[in-house]
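To be precise, the following lines are work24.txt, and they hold compact mmCIF, C-alpha atoms.
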```txt
# COMPACT_ATOMS: atom_id res chain seq x y z
CA MET W 114 -40.82 -35.64 56.16
CA SER W 115 -39.58 -35.50 52.57
CA LEU W 116 -42.21 -32.84 51.83
CA ILE W 117 -40.88 -30.63 54.63
CA ILE W 118 -37.29 -31.09 53.44
CA GLY W 119 -38.32 -30.22 49.88
CA MET W 120 -40.06 -27.05 51.06
CA LYS W 121 -37.00 -26.01 53.05
CA LEU W 122 -34.73 -26.60 50.08
CA LYS W 123 -37.01 -24.57 47.84
CA SER W 124 -36.91 -21.73 50.39
CA LEU W 125 -33.11 -21.97 50.45
CA LEU W 126 -32.93 -21.82 46.67
CA SER W 127 -35.21 -18.78 46.60
CA ALA W 128 -33.07 -16.98 49.18
CA LEU W 129 -29.88 -17.73 47.28
CA LEU W 130 -31.41 -16.50 44.05
CA LEU W 131 -32.35 -13.25 45.78
CA MET W 132 -28.73 -12.90 46.96
CA VAL W 133 -27.66 -12.86 43.32
CA ILE W 134 -30.54 -10.86 41.82
CA ILE W 135 -30.81 -8.04 44.40
CA PRO W 136 -27.19 -6.78 43.96
CA LEU W 137 -27.77 -6.77 40.20
CA MET W 138 -30.93 -4.71 40.70
CA ILE W 139 -29.15 -2.29 43.04
CA THR W 140 -26.30 -1.87 40.57
CA THR W 141 -28.75 -1.21 37.75
CA VAL W 142 -30.55 1.42 39.82
CA VAL W 143 -27.29 3.17 40.77
CA LEU W 144 -26.01 3.18 37.20
CA SER W 145 -29.37 4.44 35.95
CA ALA W 146 -29.25 7.24 38.51
CA ASP W 147 -25.79 8.18 37.29
CA GLY W 148 -27.13 8.26 33.75
CA GLN W 149 -29.96 10.57 34.79
CA ASN W 150 -27.44 12.94 36.35
CA ALA W 151 -25.40 13.06 33.15
CA LYS W 152 -25.31 16.44 31.48
CA PRO W 153 -24.60 16.07 27.77
CA SER W 154 -23.76 19.21 25.84
CA SER W 155 -23.94 19.93 22.12
CA SER W 156 -21.03 18.71 20.02
CA SER W 157 -21.68 21.35 17.36
CA GLN W 158 -19.10 24.05 16.60
CA GLY W 159 -16.32 21.90 18.01
CA ARG W 160 -17.75 21.62 21.53
CA PRO W 161 -17.49 18.17 23.14
CA GLN W 162 -20.46 16.06 24.18
CA ILE W 163 -19.98 15.36 27.90
CA ILE W 164 -21.34 12.52 30.04
CA ASN W 165 -20.63 12.56 33.80
CA THR W 166 -21.01 9.86 36.44
CA LEU W 167 -19.85 9.77 40.06
CA HIS W 168 -16.31 8.59 39.29
CA SER W 169 -15.96 9.05 35.54
CA ILE W 170 -16.37 11.53 32.72
CA LYS W 171 -16.60 10.83 29.01
CA PHE W 172 -16.49 13.23 26.08
CA ASP W 173 -15.67 13.39 22.37
CA ILE W 174 -13.63 16.15 20.74
CA PRO W 175 -14.30 16.65 16.99
CA TYR W 176 -11.45 16.60 14.47
CA PRO W 177 -11.02 20.41 14.05
CA ALA W 178 -9.24 20.42 17.43
CA SER W 179 -6.33 18.51 15.86
CA ASN W 180 -5.92 21.39 13.42
CA SER W 181 -5.48 23.91 16.25
CA ILE W 182 -2.16 25.74 16.59
CA ARG W 183 0.23 24.70 19.35
CA THR W 184 0.03 28.12 21.00
CA HIS W 185 -3.80 28.13 20.84
CA PRO W 186 -4.93 24.54 21.45
CA PHE W 187 -8.46 23.29 22.03
CA THR W 188 -8.66 22.78 25.81
CA TYR W 189 -11.13 20.89 27.99
CA THR W 190 -10.81 21.89 31.66
CA PHE W 191 -12.14 19.60 34.40
CA LYS W 192 -14.55 21.41 36.73
CA ASN W 193 -12.91 19.60 39.64
CA PRO W 194 -9.24 18.66 39.09
CA ILE W 195 -8.62 14.94 39.62
CA THR W 196 -6.21 14.46 42.50
CA GLU W 197 -6.86 10.77 43.10
CA SER W 198 -5.59 7.81 41.10
CA TRP W 199 -6.94 8.04 37.56
CA ILE W 200 -7.00 6.27 34.19
CA LEU W 201 -7.60 7.99 30.87
CA ASN W 202 -8.73 5.92 27.86
CA ILE W 203 -8.25 7.57 24.46
CA GLN W 204 -9.85 6.27 21.26
CA ASN W 205 -8.45 7.88 18.11
CA ASN W 206 -11.05 7.86 15.33
CA LEU W 207 -9.44 10.60 13.24
CA SER W 208 -8.92 10.45 9.48
CA TYR W 209 -5.45 11.84 8.74
CA ALA W 210 -4.14 13.78 5.77
CA SER W 211 -1.82 11.74 3.52
CA ARG W 212 1.41 13.22 4.86
CA PRO W 213 4.04 11.69 7.16
CA ASP W 214 3.98 14.76 9.43
CA ALA W 215 0.18 14.74 9.96
CA LYS W 216 -0.36 14.32 13.68
CA VAL W 217 -2.48 15.07 16.74
CA VAL W 218 -0.91 16.05 20.06
CA ILE W 219 -2.71 15.54 23.37
CA LYS W 220 -1.43 17.37 26.44
CA LEU W 221 -2.55 16.45 29.98
CA GLN W 222 -1.91 19.41 32.25
CA GLU W 223 -1.93 20.18 35.93
CA PRO W 224 -3.95 23.23 37.03
CA GLN W 225 -2.16 26.55 36.72
CA PRO W 226 0.31 27.83 37.76
CA SER W 227 1.91 24.36 37.55
CA GLN W 228 4.05 23.81 34.44
CA LYS W 229 3.92 20.02 34.75
CA PHE W 230 2.29 18.15 31.88
CA ILE W 231 2.18 14.81 30.05
CA GLU W 232 2.17 14.92 26.26
CA ILE W 233 1.51 12.23 23.68
CA ALA W 234 1.38 12.40 19.88
CA MET W 235 -0.21 10.09 17.32
CA TYR W 236 0.65 10.22 13.62
CA GLY W 237 -1.29 8.72 10.72
CA SER W 238 -0.69 5.68 8.53
CA SER W 239 1.71 7.64 6.27
CA ALA W 240 4.08 7.75 9.25
CA SER W 241 3.42 4.08 10.17
CA TYR W 242 1.31 5.15 13.17
CA ARG W 243 4.22 6.78 14.96
CA PHE W 244 3.62 7.44 18.66
CA TRP W 245 5.64 9.46 21.12
CA ALA W 246 5.20 10.42 24.78
CA ALA W 247 6.88 13.10 26.86
CA VAL W 248 6.76 14.64 30.34
CA ASN W 249 7.58 18.17 31.45
CA GLU W 250 8.67 18.74 35.06
CA VAL W 251 10.23 21.71 36.82
CA GLU W 252 13.17 19.65 38.11
CA SER W 253 14.07 17.74 34.94
CA GLY W 254 12.48 19.85 32.18
CA TYR W 255 10.96 18.38 29.00
CA ILE W 256 11.88 14.73 28.41
CA ARG W 257 10.80 12.52 25.50
CA LEU W 258 10.09 9.13 27.09
CA TYR W 259 9.08 7.07 24.07
CA ASP W 260 9.12 7.46 20.29
CA LYS W 261 8.28 4.49 18.04
CA SER W 262 6.34 3.66 14.89
CA GLY W 263 4.97 0.54 13.21
CA ILE W 264 4.07 -2.35 15.51
CA ASP W 265 5.55 -0.40 18.43
CA GLY W 266 3.45 2.68 17.71
CA TRP W 267 -0.31 2.97 18.14
CA SER W 268 -3.26 1.28 16.43
CA PRO W 269 -6.70 2.72 15.52
CA ALA W 270 -8.17 -0.57 16.75
CA ASN W 271 -6.99 -0.10 20.35
CA PHE W 272 -7.41 2.40 23.16
CA ILE W 273 -4.43 4.37 24.39
CA ASN W 274 -4.37 4.13 28.20
CA VAL W 275 -2.69 6.78 30.33
CA GLY W 276 -2.83 6.19 34.07
CA TYR W 277 -1.42 7.68 37.26
CA ASP W 278 -1.36 6.30 40.78
CA SER W 279 0.43 7.74 43.80
CA ASN W 280 2.03 4.37 44.52
CA GLN W 281 2.56 3.10 40.95
CA GLY W 282 3.47 6.33 39.17
CA LEU W 283 2.74 7.07 35.50
CA SER W 284 2.01 4.33 32.95
CA ILE W 285 1.10 4.52 29.27
CA ASN W 286 -0.23 1.55 27.30
CA SER W 287 -0.94 1.25 23.57
CA GLY W 288 -3.61 -1.40 24.15
CA VAL W 289 -1.23 -4.24 23.32
CA LYS W 290 2.04 -3.06 24.84
CA VAL W 291 3.22 -1.08 27.86
CA LEU W 292 5.06 1.97 26.51
CA VAL W 293 5.85 3.76 29.79
CA ASP W 294 5.85 1.75 33.00
CA ARG W 295 5.39 3.15 36.54
CA LEU W 296 7.39 6.31 36.02
CA SER W 297 7.76 8.53 39.09
CA VAL W 298 6.55 12.07 38.34
CA ASN W 299 6.21 13.23 41.96
CA GLY W 300 2.43 13.48 41.84
CA PHE W 301 0.10 14.54 39.05
CA THR W 302 -3.26 16.31 39.38
CA LEU W 303 -5.21 16.10 36.13
CA GLY W 304 -6.61 19.57 35.52
CA SER W 305 -7.17 19.82 31.76
CA ILE W 306 -6.70 18.11 28.39
CA SER W 307 -5.50 20.12 25.39
CA VAL W 308 -5.47 19.03 21.74
CA TYR W 309 -3.57 20.54 18.82
CA GLY W 310 -1.69 19.48 15.69
CA LYS W 311 -0.27 22.52 13.94
CA ASP W 312 3.14 23.86 14.94
CA ASP W 313 2.35 27.30 13.47
CA THR W 314 -0.29 29.11 11.42
CA ASN W 315 1.30 28.09 8.10
CA SER W 316 1.16 24.35 8.84
CA PRO W 317 -1.28 22.32 6.67
CA LEU W 318 -4.32 20.55 8.07
CA ASN W 319 -3.64 17.29 9.91
CA THR W 320 -7.08 15.64 9.82
CA TYR W 321 -10.30 16.07 7.85
CA SER W 322 -12.90 14.00 9.74
CA GLY W 323 -13.54 11.90 12.84
CA SER W 324 -13.05 12.61 16.52
CA LEU W 325 -11.08 11.78 19.67
CA SER W 326 -12.95 10.00 22.47
CA PHE W 327 -11.82 10.46 26.07
CA GLU W 328 -13.03 8.55 29.12
CA THR W 329 -11.51 9.22 32.55
CA PHE W 330 -11.99 7.09 35.67
CA TRP W 331 -10.75 8.01 39.14
CA GLY W 332 -11.01 7.07 42.81
CA LYS W 333 -10.79 3.77 44.68
CA PRO W 334 -12.31 0.65 43.05
CA SER W 335 -14.19 -0.09 46.29
CA ASP W 336 -16.19 3.14 45.81
CA SER W 337 -17.99 1.52 42.90
CA PRO W 338 -21.30 -0.30 43.58
CA ILE W 339 -20.21 -3.14 41.29
CA TYR W 340 -16.90 -3.70 43.12
CA TYR W 341 -18.37 -6.34 45.45
CA LEU W 342 -20.69 -7.88 42.85
CA PRO W 343 -18.32 -10.71 41.76
CA LEU W 344 -17.93 -11.82 45.40
CA VAL W 345 -21.69 -11.79 46.04
CA MET W 346 -22.38 -13.69 42.82
CA SER W 347 -19.68 -16.26 43.61
CA VAL W 348 -21.18 -16.90 47.05
CA GLY W 349 -24.70 -17.10 45.61
CA VAL W 350 -23.79 -19.43 42.76
CA GLY W 351 -21.72 -21.60 45.09
CA GLY W 352 -24.66 -21.88 47.44
CA LEU W 353 -26.96 -22.87 44.60
CA ILE W 354 -24.58 -25.61 43.49
CA VAL W 355 -24.35 -27.01 47.03
CA ALA W 356 -28.15 -26.95 47.39
CA LEU W 357 -28.64 -28.75 44.09
CA LEU W 358 -26.13 -31.43 45.09
CA VAL W 359 -27.97 -31.92 48.38
CA ILE W 360 -31.30 -32.29 46.56
CA LYS W 361 -29.83 -34.78 44.09
CA LYS W 362 -28.27 -36.81 46.90
CA ARG W 363 -31.55 -36.77 48.87
CA GLU W 364 -33.50 -38.00 45.84
CA LYS W 365 -31.07 -40.92 45.37
CA VAL W 366 -31.40 -41.91 49.04
CA GLU W 367 -35.23 -41.80 48.91
CA ALA W 368 -35.20 -43.80 45.67
```

Represent the structure from my file as structure tokens, please.
Amino acid sequence: MSLIIGMKLKSLLSALLLMVIIPLMITTVVLSADGQNAKPSSSSQGRPQIINTLHSIKFDIPYPASNSIRTHPFTYTFKNPITESWILNIQNNLSYASRPDAKVVIKLQEPQPSQKFIEIAMYGSSASYRFWAAVNEVESGYIRLYDKSGIDGWSPANFINVGYDSNQGLSINSGVKVLVDRLSVNGFTLGSISVYGKDDTNSPLNTYSGSLSFETFWGKPSDSPIYYLPLVMSVGVGGLIVALLVIKKREKVEA
């Protein structure tokens, strides 16, 4: 009898292990497939290296873009404008010139002919890492939402997060502090990202090395294959714990 019970428990343990391992294998396969579909492009001559997945896109823009003139910025245009909820992570790895006015400006724009855009600026250490954010709308015009430096500015050690959701509005986070919280902008379709730093042709260079890294995520979390993984793993691990307790209790009874 005890042999039969032991065999059943071993079968149960094997099944529970498969419940945990199979979702991990499926997730790995899906993510690998996404990686195979990625289409990187050369980063030479100022062109970004691009990596696409089903619900994300990642690319780096080299430092010369921050020395572009305001009227002729470096612009990356999304092949398919992002109309769903989205989050943009920005990592600033630029080396700035030793001037308090050295800066990089990043403009998130809706597809033309819309004049709506979100704009943020990051200055170097000579300006105590000053950071400002602004929004341009047809109804209200151009409004500076935030302008701080020092501990309330930005940090090279943290991502800048810009996110929009139809229910939550616009939010901007420095990585350690919320700078703009759930601002209503009456919808925002992310069509392109522009980068510049010079106000005119006579302005000096802002940066001399490094790059800006951008990673955008969009869509519903439930669309991701790993969305349900924590639940499956919790059920599987819980089942394993119960089975082990049963085995331990059975061994004490037989002893």

Handout entry: Residues within 7 Å of (-15.8, 12.2, 28.4), counting all atoms listed in the file, listed as a PyMOL selection string
Key = chain W and resi 163-164+170-173+326-329

Exercise for the section: Name all residues at most 7 Å from W:Gly288 (count only C-alpha atoms; drop same-chain ones fewer than 4 positions away) and give them as a ChimeraX atom specification. Expected result: /W:271-274

Practice task
Quote the spacing between atom CA of W:Ser253 and atom CA of W:Asp265 in Å to one decimal place.
Solution key: 26.0 Å

Handout entry: Atomic distance atom CA of W:Leu318 - atom CA of W:Ala215, expressed in Å with one decimal
Key =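 Going from atom CA of W:Leu318 over to atom CA of W:Ala215 covers 7.6 Å.
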
Report the closest atom pair, with its distance in Å rounded to one decimal, for each residue of stretch 235-351 of chain W that has an atom no farther than 7 Å from stretch 222-229 of chain W; count only C-alpha atoms, sort by chain and then rising residue number, and write it as a tab-separated table.
```
residue	atom	partner	partner_atom	distance
W:Asn249	CA	W:Lys229	CA	5.3
W:Glu250	CA	W:Lys229	CA	4.9
W:Val251	CA	W:Lys229	CA	6.9
W:Phe301	CA	W:Glu223	CA	6.8
W:Thr302	CA	W:Glu223	CA	5.4
W:Leu303	CA	W:Glu223	CA	5.2
W:Gly304	CA	W:Glu223	CA	4.7
W:Ser305	CA	W:Gln222	CA	5.3
W:Ile306	CA	W:Gln222	CA	6.3
```

Handout entry: Near-W:Ile231 list (6 Å; all atoms listed in the file; drop same-chain fewer than 5 positions) as a VMD selection string
Key = chain W and resid 220 to 221 247 to 248

Exercise for the section: Could you tell me how far atom CA of W:Ser262 lies from atom CA of W:Ala240, in Å and to one decimal? Expected result: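 Computing the Euclidean distance for atom CA of W:Ser262 and atom CA of W:Ala240 yields 7.3 Å.
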
Handout entry: Answer as a list in words, residues within 10 Å of (-7.0, 13.7, 13.1) using only C-alpha atoms
Key =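 Here the neighbourhood of the point contains Pro175, Tyr176, Pro177, Ala178, Ser179, Asn180, Asn205, Asn206, Leu207, Ser208, Tyr209, Ala210, Ala215, Lys216, Val217, Val218, Met235, Tyr236, Gly237, Tyr309, Gly310, Leu318, Asn319, Thr320, Tyr321, Ser322, Gly323, Ser324 and Leu325 of chain W.
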
Practice task
Find the residue from W:Gly254, W:Gly332, W:Pro317, W:Gly263 that sits nearest to W:Val298; use only C-alpha atoms when measuring.
Solution key: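 Among the listed residues, the smallest separation from W:Val298 belongs to W:Gly254.
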